[in-house]
>>> print(open('upload.pdb').read())   # PDB, C-alpha atoms and all ligand atoms
ATOM      1  CA  MET C 114      11.659  41.809 129.726
ATOM      2  CA  VAL C 115       9.323  39.735 127.552
ATOM      3  CA  GLU C 116       7.677  41.772 124.788
ATOM      4  CA  ARG C 117       3.940  40.915 124.658
ATOM      5  CA  GLY C 118       2.972  43.314 121.869
ATOM      6  CA  LEU C 119       0.659  45.333 124.088
ATOM      7  CA  GLN C 120       2.899  48.356 124.619
ATOM      8  CA  ASP C 121       1.214  51.205 122.675
ATOM      9  CA  ALA C 122      -1.272  48.713 121.180
ATOM     10  CA  ARG C 123      -4.491  50.318 120.041
ATOM     11  CA  THR C 124      -7.367  48.543 121.710
ATOM     12  CA  LEU C 125     -11.142  48.896 121.959
ATOM     13  CA  VAL C 126     -13.237  47.299 124.710
ATOM     14  CA  THR C 127     -17.051  47.262 124.722
ATOM     15  CA  GLY C 128     -19.084  47.372 127.926
ATOM     16  CA  ALA C 129     -16.002  48.666 129.694
ATOM     17  CA  LEU C 130     -17.436  50.812 132.484
ATOM     18  CA  ARG C 131     -17.826  47.932 134.927
ATOM     19  CA  GLY C 132     -17.298  44.225 135.487
ATOM     20  CA  ILE C 133     -15.100  42.189 133.154
ATOM     21  CA  GLY C 134     -14.867  45.019 130.596
ATOM     22  CA  LEU C 135     -13.540  47.480 133.149
ATOM     23  CA  ALA C 136     -11.057  44.951 134.529
ATOM     24  CA  THR C 137      -9.891  44.330 130.949
ATOM     25  CA  ALA C 138      -9.372  48.042 130.302
ATOM     26  CA  VAL C 139      -7.401  48.325 133.557
ATOM     27  CA  ARG C 140      -5.233  45.344 132.588
ATOM     28  CA  LEU C 141      -4.587  46.558 129.032
ATOM     29  CA  VAL C 142      -3.552  49.996 130.291
ATOM     30  CA  ALA C 143      -1.273  48.337 132.852
ATOM     31  CA  GLU C 144       0.419  46.504 129.951
ATOM     32  CA  GLY C 145       1.015  49.787 128.137
ATOM     33  CA  ALA C 146      -1.908  49.767 125.698
ATOM     34  CA  GLN C 147      -4.076  52.643 124.615
ATOM     35  CA  VAL C 148      -7.715  51.820 125.287
ATOM     36  CA  LEU C 149     -10.865  53.146 123.711
ATOM     37  CA  VAL C 150     -13.322  52.539 126.538
ATOM     38  CA  THR C 151     -16.888  52.196 125.277
ATOM     39  CA  ASP C 152     -20.250  51.620 126.956
ATOM     40  CA  LEU C 153     -23.826  52.918 127.015
ATOM     41  CA  SER C 154     -23.299  55.969 129.235
ATOM     42  CA  PRO C 155     -23.093  59.491 127.823
ATOM     43  CA  PRO C 156     -19.645  61.099 128.190
ATOM     44  CA  ASP C 157     -20.843  63.416 130.976
ATOM     45  CA  ASP C 158     -21.927  60.520 133.205
ATOM     46  CA  PRO C 159     -19.900  60.810 136.460
ATOM     47  CA  LEU C 160     -19.038  57.106 136.137
ATOM     48  CA  VAL C 161     -17.159  57.889 132.912
ATOM     49  CA  GLY C 162     -15.059  60.518 134.700
ATOM     50  CA  GLN C 163     -14.388  58.108 137.536
ATOM     51  CA  VAL C 164     -13.269  55.312 135.192
ATOM     52  CA  LEU C 165     -11.100  57.616 133.052
ATOM     53  CA  GLY C 166      -9.566  59.025 136.246
ATOM     54  CA  ARG C 167      -8.615  55.485 137.255
ATOM     55  CA  LEU C 168      -7.263  54.531 133.812
ATOM     56  CA  GLY C 169      -5.265  57.713 133.166
ATOM     57  CA  PRO C 170      -4.239  59.352 129.884
ATOM     58  CA  ALA C 171      -3.973  56.096 127.908
ATOM     59  CA  ALA C 172      -7.765  55.781 127.952
ATOM     60  CA  THR C 173     -10.447  57.635 126.002
ATOM     61  CA  TYR C 174     -14.205  57.212 126.271
ATOM     62  CA  LEU C 175     -16.709  56.914 123.437
ATOM     63  CA  PRO C 176     -20.393  56.004 123.883
ATOM     64  CA  LEU C 177     -21.128  52.826 121.926
ATOM     65  CA  ASP C 178     -24.372  50.892 122.110
ATOM     66  CA  VAL C 179     -23.228  47.597 120.633
ATOM     67  CA  THR C 180     -26.633  46.955 119.069
ATOM     68  CA  ALA C 181     -26.539  50.211 117.061
ATOM     69  CA  GLU C 182     -24.916  50.113 113.618
ATOM     70  CA  ALA C 183     -24.544  53.907 113.640
ATOM     71  CA  ASP C 184     -22.594  53.796 116.909
ATOM     72  CA  TRP C 185     -20.191  51.229 115.446
ATOM     73  CA  GLU C 186     -19.741  53.473 112.406
ATOM     74  CA  ARG C 187     -18.876  56.385 114.694
ATOM     75  CA  ALA C 188     -16.384  54.225 116.615
ATOM     76  CA  ARG C 189     -14.818  53.128 113.334
ATOM     77  CA  GLY C 190     -14.552  56.763 112.252
ATOM     78  CA  TRP C 191     -12.909  57.638 115.581
ATOM     79  CA  VAL C 192     -10.338  54.832 115.274
ATOM     80  CA  GLU C 193      -9.542  55.583 111.623
ATOM     81  CA  SER C 194      -9.109  59.313 112.173
ATOM     82  CA  ARG C 195      -7.187  59.138 115.497
ATOM     83  CA  TRP C 196      -5.251  55.878 115.249
ATOM     84  CA  GLY C 197      -5.486  54.734 111.625
ATOM     85  CA  SER C 198      -5.641  51.083 112.673
ATOM     86  CA  LEU C 199      -6.661  48.781 115.504
ATOM     87  CA  ASP C 200      -4.638  46.008 117.179
ATOM     88  CA  VAL C 201      -7.170  44.523 119.593
ATOM     89  CA  LEU C 202     -10.967  44.405 119.708
ATOM     90  CA  VAL C 203     -12.627  43.012 122.849
ATOM     91  CA  ASN C 204     -16.317  42.317 122.253
ATOM     92  CA  ASN C 205     -17.282  42.118 125.910
ATOM     93  CA  ALA C 206     -20.645  43.881 126.327
ATOM     94  CA  GLY C 207     -23.412  41.452 127.086
ATOM     95  CA  THR C 208     -26.393  40.744 129.268
ATOM     96  CA  ASP C 209     -28.536  37.826 130.408
ATOM     97  CA  LEU C 210     -32.092  36.561 130.219
ATOM     98  CA  VAL C 211     -33.461  33.781 132.390
ATOM     99  CA  GLY C 212     -36.732  31.928 132.583
ATOM    100  CA  PRO C 213     -38.410  28.677 131.548
ATOM    101  CA  VAL C 214     -38.421  28.335 127.776
ATOM    102  CA  ASP C 215     -42.236  28.283 127.548
ATOM    103  CA  GLN C 216     -42.420  31.613 129.332
ATOM    104  CA  LEU C 217     -39.792  33.537 127.390
ATOM    105  CA  ASP C 218     -41.005  36.646 125.619
ATOM    106  CA  LEU C 219     -40.014  36.849 121.932
ATOM    107  CA  ALA C 220     -39.154  40.556 122.174
ATOM    108  CA  ALA C 221     -36.871  39.856 125.166
ATOM    109  CA  TRP C 222     -35.282  36.952 123.247
ATOM    110  CA  HIS C 223     -34.571  39.244 120.265
ATOM    111  CA  ARG C 224     -33.189  41.959 122.537
ATOM    112  CA  LEU C 225     -30.752  39.464 124.084
ATOM    113  CA  MET C 226     -29.626  38.258 120.658
ATOM    114  CA  ARG C 227     -29.061  41.856 119.565
ATOM    115  CA  ILE C 228     -26.917  42.641 122.616
ATOM    116  CA  ASN C 229     -24.978  39.353 122.804
ATOM    117  CA  VAL C 230     -24.768  38.219 119.179
ATOM    118  CA  ASP C 231     -25.458  41.052 116.706
ATOM    119  CA  SER C 232     -22.912  43.099 118.678
ATOM    120  CA  VAL C 233     -20.077  40.693 117.961
ATOM    121  CA  PHE C 234     -20.910  40.564 114.254
ATOM    122  CA  LEU C 235     -21.172  44.360 114.021
ATOM    123  CA  GLY C 236     -17.912  44.829 115.906
ATOM    124  CA  VAL C 237     -15.949  42.465 113.689
ATOM    125  CA  ARG C 238     -17.540  43.798 110.495
ATOM    126  CA  SER C 239     -16.856  47.417 111.447
ATOM    127  CA  PHE C 240     -13.209  46.816 112.269
ATOM    128  CA  THR C 241     -12.050  44.149 109.807
ATOM    129  CA  ALA C 242     -10.130  46.690 107.709
ATOM    130  CA  ALA C 243      -8.665  48.541 110.710
ATOM    131  CA  LEU C 244      -7.646  45.247 112.363
ATOM    132  CA  ALA C 245      -6.052  43.977 109.156
ATOM    133  CA  ALA C 246      -4.024  47.195 109.045
ATOM    134  CA  GLY C 247      -3.029  46.862 112.721
ATOM    135  CA  GLY C 248      -2.251  43.167 112.381
ATOM    136  CA  ALA C 249       0.053  43.655 109.391
ATOM    137  CA  GLY C 250       2.886  44.886 111.600
ATOM    138  CA  ARG C 251       2.260  42.645 114.585
ATOM    139  CA  ARG C 252       3.530  39.123 115.340
ATOM    140  CA  GLY C 253       0.555  36.777 114.904
ATOM    141  CA  GLY C 254      -1.607  39.667 113.710
ATOM    142  CA  ALA C 255      -4.330  41.699 115.370
ATOM    143  CA  SER C 256      -6.604  40.020 117.906
ATOM    144  CA  VAL C 257     -10.351  39.867 118.376
ATOM    145  CA  ILE C 258     -11.555  38.445 121.685
ATOM    146  CA  ASN C 259     -15.248  37.628 121.883
ATOM    147  CA  VAL C 260     -16.501  37.161 125.434
ATOM    148  CA  ALA C 261     -18.771  34.108 125.475
ATOM    149  CA  SER C 262     -19.363  32.004 128.605
ATOM    150  CA  ILE C 263     -19.288  28.424 129.842
ATOM    151  CA  MET C 264     -22.964  28.767 128.974
ATOM    152  CA  GLY C 265     -21.833  28.750 125.353
ATOM    153  CA  LEU C 266     -20.388  25.272 125.969
ATOM    154  CA  VAL C 267     -22.899  23.487 128.207
ATOM    155  CA  GLY C 268     -26.599  23.948 128.845
ATOM    156  CA  PHE C 269     -28.190  25.156 132.071
ATOM    157  CA  ALA C 270     -31.862  25.066 133.093
ATOM    158  CA  GLU C 271     -33.860  28.242 132.475
ATOM    159  CA  THR C 272     -31.070  29.951 130.537
ATOM    160  CA  SER C 273     -31.845  28.685 127.032
ATOM    161  CA  ALA C 274     -31.722  32.172 125.505
ATOM    162  CA  TYR C 275     -28.359  33.007 127.078
ATOM    163  CA  ASN C 276     -26.991  29.539 126.174
ATOM    164  CA  THR C 277     -28.071  30.099 122.571
ATOM    165  CA  SER C 278     -26.475  33.530 122.373
ATOM    166  CA  LYS C 279     -23.141  32.432 123.805
ATOM    167  CA  GLY C 280     -23.061  29.275 121.665
ATOM    168  CA  ALA C 281     -23.502  31.558 118.675
ATOM    169  CA  VAL C 282     -20.590  33.740 119.785
ATOM    170  CA  ARG C 283     -18.408  30.637 120.036
ATOM    171  CA  LEU C 284     -19.087  29.443 116.492
ATOM    172  CA  PHE C 285     -19.113  32.910 114.953
ATOM    173  CA  SER C 286     -15.590  33.311 116.334
ATOM    174  CA  LYS C 287     -14.405  30.053 114.802
ATOM    175  CA  ALA C 288     -15.986  30.745 111.409
ATOM    176  CA  VAL C 289     -14.478  34.207 111.154
ATOM    177  CA  ALA C 290     -11.091  32.981 112.418
ATOM    178  CA  ILE C 291     -10.934  30.487 109.547
ATOM    179  CA  GLU C 292     -12.240  33.022 107.023
ATOM    180  CA  PHE C 293      -9.573  35.579 107.957
ATOM    181  CA  ALA C 294      -6.771  33.013 108.056
ATOM    182  CA  GLN C 295      -7.679  31.594 104.640
ATOM    183  CA  ALA C 296      -7.958  35.074 103.155
ATOM    184  CA  GLY C 297      -4.509  35.966 104.497
ATOM    185  CA  LYS C 298      -5.951  38.669 106.774
ATOM    186  CA  PRO C 299      -3.657  39.037 109.791
ATOM    187  CA  ILE C 300      -6.436  38.897 112.402
ATOM    188  CA  ARG C 301      -6.770  36.195 115.036
ATOM    189  CA  VAL C 302     -10.271  35.585 116.456
ATOM    190  CA  ASN C 303     -10.890  33.630 119.659
ATOM    191  CA  SER C 304     -13.686  33.234 122.165
ATOM    192  CA  ILE C 305     -13.274  33.230 125.918
ATOM    193  CA  HIS C 306     -15.577  31.267 128.195
ATOM    194  CA  PRO C 307     -15.677  32.511 131.787
ATOM    195  CA  GLY C 308     -17.414  30.571 134.526
ATOM    196  CA  PHE C 309     -19.173  32.514 137.289
ATOM    197  CA  VAL C 310     -17.500  35.882 137.794
ATOM    198  CA  GLU C 311     -18.217  38.336 140.613
ATOM    199  CA  THR C 312     -19.559  41.277 138.642
ATOM    200  CA  PRO C 313     -22.714  43.423 138.833
ATOM    201  CA  LEU C 314     -24.293  41.163 136.160
ATOM    202  CA  LEU C 315     -23.986  38.101 138.392
ATOM    203  CA  HIS C 316     -25.182  39.910 141.524
ATOM    204  CA  ILE C 317     -28.194  41.406 139.718
ATOM    205  CA  GLY C 318     -28.978  37.978 138.249
ATOM    206  CA  MET C 319     -28.892  36.341 141.676
ATOM    207  CA  GLN C 320     -31.089  39.072 143.147
ATOM    208  CA  ARG C 321     -33.624  38.350 140.396
ATOM    209  CA  TRP C 322     -33.873  34.722 141.567
ATOM    210  CA  VAL C 323     -34.436  36.010 145.111
ATOM    211  CA  ASP C 324     -37.143  38.419 143.913
ATOM    212  CA  GLN C 325     -38.854  35.497 142.180
ATOM    213  CA  GLY C 326     -38.925  33.658 145.511
ATOM    214  CA  LYS C 327     -36.458  30.972 144.381
ATOM    215  CA  ALA C 328     -33.972  31.681 147.185
ATOM    216  CA  ALA C 329     -33.896  33.592 150.445
ATOM    217  CA  ARG C 330     -30.633  35.462 149.887
ATOM    218  CA  ALA C 331     -28.449  36.236 146.858
ATOM    219  CA  GLN C 332     -25.390  35.333 148.933
ATOM    220  CA  ASP C 333     -26.795  31.816 149.486
ATOM    221  CA  LEU C 334     -26.966  31.367 145.710
ATOM    222  CA  LEU C 335     -23.425  32.642 145.240
ATOM    223  CA  ASP C 336     -22.193  30.336 148.006
ATOM    224  CA  GLY C 337     -24.007  27.454 146.307
ATOM    225  CA  ILE C 338     -22.302  28.193 142.979
ATOM    226  CA  ALA C 339     -18.917  28.409 144.706
ATOM    227  CA  ALA C 340     -19.544  25.051 146.377
ATOM    228  CA  MET C 341     -20.346  23.461 142.986
ATOM    229  CA  THR C 342     -17.153  24.864 141.409
ATOM    230  CA  PRO C 343     -14.113  22.563 141.707
ATOM    231  CA  VAL C 344     -11.906  25.381 143.046
ATOM    232  CA  LYS C 345     -14.703  26.313 145.507
ATOM    233  CA  ARG C 346     -14.882  30.001 144.664
ATOM    234  CA  LEU C 347     -16.162  32.417 142.035
ATOM    235  CA  ALA C 348     -13.809  34.163 139.610
ATOM    236  CA  GLN C 349     -12.734  37.765 140.033
ATOM    237  CA  PRO C 350     -13.059  39.982 136.926
ATOM    238  CA  GLU C 351      -9.276  40.484 136.971
ATOM    239  CA  GLU C 352      -8.774  36.746 136.382
ATOM    240  CA  ILE C 353     -10.830  36.946 133.179
ATOM    241  CA  ALA C 354      -9.066  40.155 132.162
ATOM    242  CA  ALA C 355      -5.689  38.412 132.484
ATOM    243  CA  ALA C 356      -6.834  35.683 130.084
ATOM    244  CA  ILE C 357      -8.192  38.302 127.668
ATOM    245  CA  ALA C 358      -4.846  40.129 127.820
ATOM    246  CA  PHE C 359      -3.096  36.869 126.969
ATOM    247  CA  LEU C 360      -5.287  36.378 123.876
ATOM    248  CA  ALA C 361      -4.693  40.023 122.954
ATOM    249  CA  SER C 362      -0.935  39.683 123.312
ATOM    250  CA  THR C 363       1.612  38.332 120.870
ATOM    251  CA  ASP C 364       2.127  35.429 123.336
ATOM    252  CA  ALA C 365      -1.037  34.077 121.698
ATOM    253  CA  SER C 366       0.354  34.522 118.169
ATOM    254  CA  TYR C 367      -0.611  30.961 117.118
ATOM    255  CA  LEU C 368      -4.073  30.971 118.700
ATOM    256  CA  THR C 369      -7.005  31.523 116.395
ATOM    257  CA  GLY C 370     -10.422  29.892 116.302
ATOM    258  CA  SER C 371      -9.830  28.570 119.798
ATOM    259  CA  GLU C 372     -11.971  28.740 122.930
ATOM    260  CA  LEU C 373     -10.294  29.648 126.186
ATOM    261  CA  VAL C 374     -12.224  28.310 129.172
ATOM    262  CA  VAL C 375     -11.626  30.186 132.451
ATOM    263  CA  ASP C 376     -14.030  28.516 134.849
ATOM    264  CA  GLY C 377     -12.246  27.124 137.914
ATOM    265  CA  GLY C 378     -12.843  23.640 136.542
ATOM    266  CA  TRP C 379     -16.657  23.904 136.211
ATOM    267  CA  THR C 380     -16.925  22.322 132.740
ATOM    268  CA  ALA C 381     -14.223  19.748 133.472
ATOM    269  CA  GLN C 382     -16.650  17.921 135.786
TER     270      GLN C 382
HETATM  271  N1  LIG B   1     -20.322  37.689 135.246
HETATM  272  C1  LIG B   1     -20.294  36.441 134.831
HETATM  273  O1  LIG B   1     -20.440  35.514 135.641
HETATM  274  C2  LIG B   1     -20.050  36.117 133.383
HETATM  275  C3  LIG B   1     -19.751  34.795 133.057
HETATM  276  C4  LIG B   1     -19.519  34.457 131.725
HETATM  277  C5  LIG B   1     -19.593  35.431 130.741
HETATM  278  N2  LIG B   1     -19.894  36.715 131.091
HETATM  279  C6  LIG B   1     -19.958  37.678 130.000
HETATM  280  O2  LIG B   1     -18.985  38.665 130.225
HETATM  281  C7  LIG B   1     -19.394  39.891 129.623
HETATM  282  C8  LIG B   1     -19.329  40.996 130.658
HETATM  283  O3  LIG B   1     -20.179  40.621 131.729
HETATM  284  P1  LIG B   1     -20.121  41.309 133.171
HETATM  285  O4  LIG B   1     -20.411  40.221 134.139
HETATM  286  O5  LIG B   1     -18.906  42.132 133.331
HETATM  287  O6  LIG B   1     -21.442  42.212 133.050
HETATM  288  P2  LIG B   1     -21.837  43.644 133.683
HETATM  289  O7  LIG B   1     -23.315  43.731 133.540
HETATM  290  O8  LIG B   1     -21.272  43.759 135.040
HETATM  291  O9  LIG B   1     -21.135  44.657 132.691
HETATM  292  C9  LIG B   1     -21.561  44.698 131.348
HETATM  293  C10 LIG B   1     -21.297  46.058 130.754
HETATM  294  O10 LIG B   1     -21.830  46.017 129.419
HETATM  295  C11 LIG B   1     -22.560  47.195 129.201
HETATM  296  N3  LIG B   1     -23.606  46.985 128.206
HETATM  297  C12 LIG B   1     -24.777  46.320 128.323
HETATM  298  N4  LIG B   1     -25.495  46.434 127.206
HETATM  299  C13 LIG B   1     -24.759  47.184 126.337
HETATM  300  C14 LIG B   1     -24.966  47.661 125.032
HETATM  301  N5  LIG B   1     -26.095  47.408 124.353
HETATM  302  N6  LIG B   1     -23.997  48.398 124.456
HETATM  303  C15 LIG B   1     -22.845  48.660 125.135
HETATM  304  N7  LIG B   1     -22.603  48.269 126.380
HETATM  305  C16 LIG B   1     -23.557  47.532 126.982
HETATM  306  C17 LIG B   1     -23.156  47.567 130.558
HETATM  307  O11 LIG B   1     -23.498  48.947 130.591
HETATM  308  C18 LIG B   1     -22.023  47.188 131.497
HETATM  309  O12 LIG B   1     -21.140  48.251 131.733
HETATM  310  C19 LIG B   1     -20.805  39.630 129.067
HETATM  311  O13 LIG B   1     -20.722  39.331 127.699
HETATM  312  C20 LIG B   1     -21.264  38.430 129.866
HETATM  313  O14 LIG B   1     -22.253  37.697 129.184
HETATM  314  C21 LIG B   1     -20.113  37.087 132.374
END
>>> encode(input="upload.pdb", output="structure tokens")
Amino acid sequence: MVERGLQDARTLVTGALRGIGLATAVRLVAEGAQVLVTDLSPPDDPLVGQVLGRLGPAATYLPLDVTAEADWERARGWVESRWGSLDVLVNNAGTDLVGPVDQLDLAAWHRLMRINVDSVFLGVRSFTAALAAGGAGRRGGASVINVASIMGLVGFAETSAYNTSKGAVRLFSKAVAIEFAQAGKPIRVNSIHPGFVETPLLHIGMQRWVDQGKAARAQDLLDGIAAMTPVKRLAQPEEIAAAIAFLASTDASYLTGSELVVDGGWTAQ
């Protein structure tokens, strides 16, 4: 059997109660990792029980609003006291904001930047020491995976705020990857750039276009996106989770500062 360095790895995933984050937690557990599942819900939310029931004893839940410094401090305290170090950090939590640039609200713009960009900075800052400790005994070091988007690579109409936030995640990842490598800190940092993935975020986003009268049915929009994608379909969250697991694993021991595009060929056009 090939050893991928995920057996008993200590991992933290943000926004992990649904969508890509949940699929990532499922995948990491399947590869033998311990997962600290984090999201906005309080621990007594039935969804938390349902997710933990699915993941089994390798998973623990901690509420973590990725925009809140105090929540990151609590997560750091949890990891240091229970595990002592961290092998993998997946900064996945994120949201969207659409609309013509001249109609975007500044408060909504700032909120998006807090959720999509500040989160990634706070996550890396909170866990640099714990990741350096985890990475010291691991081939290639510890791994940070920041979930960006193809919208961090190419522009789309009426998504300037989201494009900006994901472009920032891409370059933050590269800058920190170089900084850690030059400082001899055993932490790899990479960004991942999914195309259109069938998650609640995408479905809610499509419904918003319908509510604004821009399409008759959300399914028509999804079909349209699939038709414009070279492989003629959307991604499943599990396909993004598999790529995240690769970056998390020691198979990716020489990858740092890179951007992994998982988009069915969208940006190759
Ligand atoms: N779905 C797509 O097509 C797609 C494509 C490219 C990139 N992405 C990115 O992938 C990531 C996950 O997206 P998804 O489609 O699974 O979304 P989703 O909305 O289905 O799930 C996101 C999760 O993040 C959580 N979350 C939101 N705000 C949070 C906060 N402040 N603190 C902690 N948790 C918070 C939500 O509660 C939710 O559980 C995001 O960063 C998104 O931008 C998604």
>>> closest_residue(input="upload.pdb", among="C:Gly297, C:Pro170, C:Pro176, C:Pro343", to="ligand LIG 1 (chain B)", atoms="all atoms listed in the file")
C:Pro176
>>> closest_atom_pairs(input="upload.pdb", of="chain C", to="ligand LIG 1 (chain B)", cutoff="6 Å", atoms="all atoms listed in the file", output="Markdown table")
| residue | atom | partner | partner_atom | distance |
| --- | --- | --- | --- | --- |
| C:Thr127 | CA | B:LIG1 | N7 | 5.9 |
| C:Gly128 | CA | B:LIG1 | O10 | 3.4 |
| C:Ala129 | CA | B:LIG1 | O12 | 5.5 |
| C:Leu130 | CA | B:LIG1 | O12 | 4.6 |
| C:Arg131 | CA | B:LIG1 | O12 | 4.6 |
| C:Gly132 | CA | B:LIG1 | O5 | 3.4 |
| C:Ile133 | CA | B:LIG1 | O5 | 3.8 |
| C:Gly134 | CA | B:LIG1 | O5 | 5.7 |
| C:Asp152 | CA | B:LIG1 | N7 | 4.1 |
| C:Leu153 | CA | B:LIG1 | C15 | 4.8 |
| C:Leu177 | CA | B:LIG1 | C15 | 5.5 |
| C:Asp178 | CA | B:LIG1 | N6 | 3.4 |
| C:Val179 | CA | B:LIG1 | N6 | 4.0 |
| C:Thr180 | CA | B:LIG1 | N5 | 5.3 |
| C:Asn205 | CA | B:LIG1 | O13 | 4.8 |
| C:Ala206 | CA | B:LIG1 | O10 | 3.9 |
| C:Gly207 | CA | B:LIG1 | O13 | 3.5 |
| C:Thr208 | CA | B:LIG1 | O14 | 5.1 |
| C:Ile228 | CA | B:LIG1 | N5 | 5.1 |
| C:Val260 | CA | B:LIG1 | O13 | 5.3 |
| C:Ala261 | CA | B:LIG1 | C5 | 5.5 |
| C:Ser262 | CA | B:LIG1 | C4 | 4.0 |
| C:Pro307 | CA | B:LIG1 | C4 | 4.3 |
| C:Gly308 | CA | B:LIG1 | C3 | 5.0 |
| C:Phe309 | CA | B:LIG1 | O1 | 3.6 |
| C:Val310 | CA | B:LIG1 | O1 | 3.7 |
| C:Glu311 | CA | B:LIG1 | N1 | 5.8 |
| C:Thr312 | CA | B:LIG1 | O8 | 4.7 |
| C:Pro313 | CA | B:LIG1 | O8 | 4.1 |
| C:Leu314 | CA | B:LIG1 | O7 | 3.8 |
| C:Leu315 | CA | B:LIG1 | N1 | 4.8 |
>>> residues_around(input="upload.pdb", residues="Val344 of chain C", least_positions_apart="5", cutoff="10 Å", atoms="all atoms listed in the file", output="PyMOL selection string")
chain C and resi 339+376-379
>>> residues_around(input="upload.pdb", residues="Thr173 of chain C", least_positions_apart="3", cutoff="10 Å", atoms="all atoms listed in the file", output="list in words")
Leu125, Gln147, Val148, Leu149, Val150, Thr151, Val161, Val164, Leu165, Leu168, Gly169 and Pro170 of chain C
>>> resolve_selection(input="upload.pdb", expression="the PyMOL selection byres (((chain C and resi 272) around 10) and not hetatm)", output="MDAnalysis selection string")
chainID C and resid 209:214 217 264 268:271 273:277
>>> residues_around(input="upload.pdb", residues="Ser366 of chain C", least_positions_apart="4", cutoff="12 Å", atoms="only C-alpha atoms", output="list in words")
Arg117, Gly118, Gly248, Arg251, Arg252, Gly253, Gly254, Ala255, Ser256, Val257, Pro299, Ile300, Arg301, Val302, Asn303, Phe359, Leu360, Ala361, Ser362, Gly370 and Ser371 of chain C
>>> atom_distance(input="upload.pdb", atom1="atom CA of Arg330 of chain C", atom2="atom CA of Gly318 of chain C")
12.0 Å
>>> resolve_selection(input="upload.pdb", expression="the PyMOL selection byres (((chain C and resi 247) around 9) and not hetatm)", output="MDAnalysis selection string")
chainID C and resid 122:123 197:201 242:246 248:251 254:255 299:300
>>> atom_distance(input="upload.pdb", atom1="atom CA of Tyr174 of chain C", atom2="atom CA of Pro156 of chain C")
7.0 Å
>>> axis_aligned_box(input="upload.pdb", around="segment 215-221 of chain C", padding_each_side="6 Å", output="JSON")
{"center_x": -39.6, "center_y": 34.4, "center_z": 125.6, "size_x": 17.5, "size_y": 24.3, "size_z": 19.4}
>>> closest_residue(input="upload.pdb", among="C:Leu160, C:Leu235, C:Leu335, C:Ala171", to="Asp184 of chain C", atoms="all atoms listed in the file")
C:Leu235
>>> closest_residue(input="upload.pdb", among="C:Gln320, C:Asn229, C:Thr363, C:Gln163", to="Val282 of chain C", atoms="only C-alpha atoms")
C:Asn229
>>> atom_distance(input="upload.pdb", atom1="atom CA of Ile263 of chain C", atom2="atom CA of His306 of chain C")
5.0 Å
>>> closest_residue(input="upload.pdb", among="C:Ala172, C:Ala181, C:Leu334, C:Ala381", to="Arg321 of chain C", atoms="all atoms listed in the file")
C:Leu334
>>> resolve_selection(input="upload.pdb", expression="the PyMOL selection byres (((chain C and resi 350) around 6) and not hetatm)", output="ChimeraX atom specification")
/C:133,136,349,351-353
>>> closest_residue(input="upload.pdb", among="C:Ile258, C:Ala331, C:Val203, C:Ile338", to="Ala365 of chain C", atoms="only C-alpha atoms")
C:Ile258
>>> closest_residue(input="upload.pdb", among="C:Leu219, C:Ala358, C:Ala288, C:Leu175", to="Asp157 of chain C", atoms="all atoms listed in the file")
C:Leu175
>>> decode(input="upload.pdb", residues="segment 161-172 of chain C", atoms="N, CA and C atoms", output="PDB file, in the first residue's frame")
ATOM      1  N   VAL C 161     -25.103  19.108  12.991  1.00  0.00           N
ATOM      2  CA  VAL C 161     -23.790  18.717  13.524  1.00  0.00           C
ATOM      3  C   VAL C 161     -23.818  17.236  13.898  1.00  0.00           C
ATOM      4  N   GLY C 162     -24.882  16.829  14.595  1.00  0.00           N
ATOM      5  CA  GLY C 162     -25.018  15.423  14.994  1.00  0.00           C
ATOM      6  C   GLY C 162     -25.056  14.504  13.782  1.00  0.00           C
ATOM      7  N   GLN C 163     -25.777  14.966  12.768  1.00  0.00           N
ATOM      8  CA  GLN C 163     -25.907  14.170  11.538  1.00  0.00           C
ATOM      9  C   GLN C 163     -24.538  14.001  10.852  1.00  0.00           C
ATOM     10  N   VAL C 164     -23.791  15.095  10.765  1.00  0.00           N
ATOM     11  CA  VAL C 164     -22.482  15.040  10.098  1.00  0.00           C
ATOM     12  C   VAL C 164     -21.501  14.192  10.906  1.00  0.00           C
ATOM     13  N   LEU C 165     -21.494  14.389  12.238  1.00  0.00           N
ATOM     14  CA  LEU C 165     -20.571  13.594  13.073  1.00  0.00           C
ATOM     15  C   LEU C 165     -20.944  12.115  13.012  1.00  0.00           C
ATOM     16  N   GLY C 166     -22.251  11.834  12.948  1.00  0.00           N
ATOM     17  CA  GLY C 166     -22.709  10.446  12.828  1.00  0.00           C
ATOM     18  C   GLY C 166     -22.165   9.818  11.560  1.00  0.00           C
ATOM     19  N   ARG C 167     -22.139  10.601  10.487  1.00  0.00           N
ATOM     20  CA  ARG C 167     -21.637  10.098   9.197  1.00  0.00           C
ATOM     21  C   ARG C 167     -20.123   9.911   9.230  1.00  0.00           C
ATOM     22  N   LEU C 168     -19.422  10.833   9.914  1.00  0.00           N
ATOM     23  CA  LEU C 168     -17.947  10.799   9.892  1.00  0.00           C
ATOM     24  C   LEU C 168     -17.361   9.806  10.900  1.00  0.00           C
ATOM     25  N   GLY C 169     -18.093   9.540  11.984  1.00  0.00           N
ATOM     26  CA  GLY C 169     -17.591   8.577  12.968  1.00  0.00           C
ATOM     27  C   GLY C 169     -16.624   9.185  13.957  1.00  0.00           C
ATOM     28  N   PRO C 170     -15.971   8.331  14.761  1.00  0.00           N
ATOM     29  CA  PRO C 170     -15.172   8.802  15.901  1.00  0.00           C
ATOM     30  C   PRO C 170     -13.929   9.595  15.540  1.00  0.00           C
ATOM     31  N   ALA C 171     -13.507   9.576  14.294  1.00  0.00           N
ATOM     32  CA  ALA C 171     -12.306  10.344  13.904  1.00  0.00           C
ATOM     33  C   ALA C 171     -12.609  11.835  13.781  1.00  0.00           C
ATOM     34  N   ALA C 172     -13.883  12.208  13.880  1.00  0.00           N
ATOM     35  CA  ALA C 172     -14.238  13.616  13.694  1.00  0.00           C
ATOM     36  C   ALA C 172     -14.742  14.241  14.991  1.00  0.00           C
TER      37      ALA C 172
END
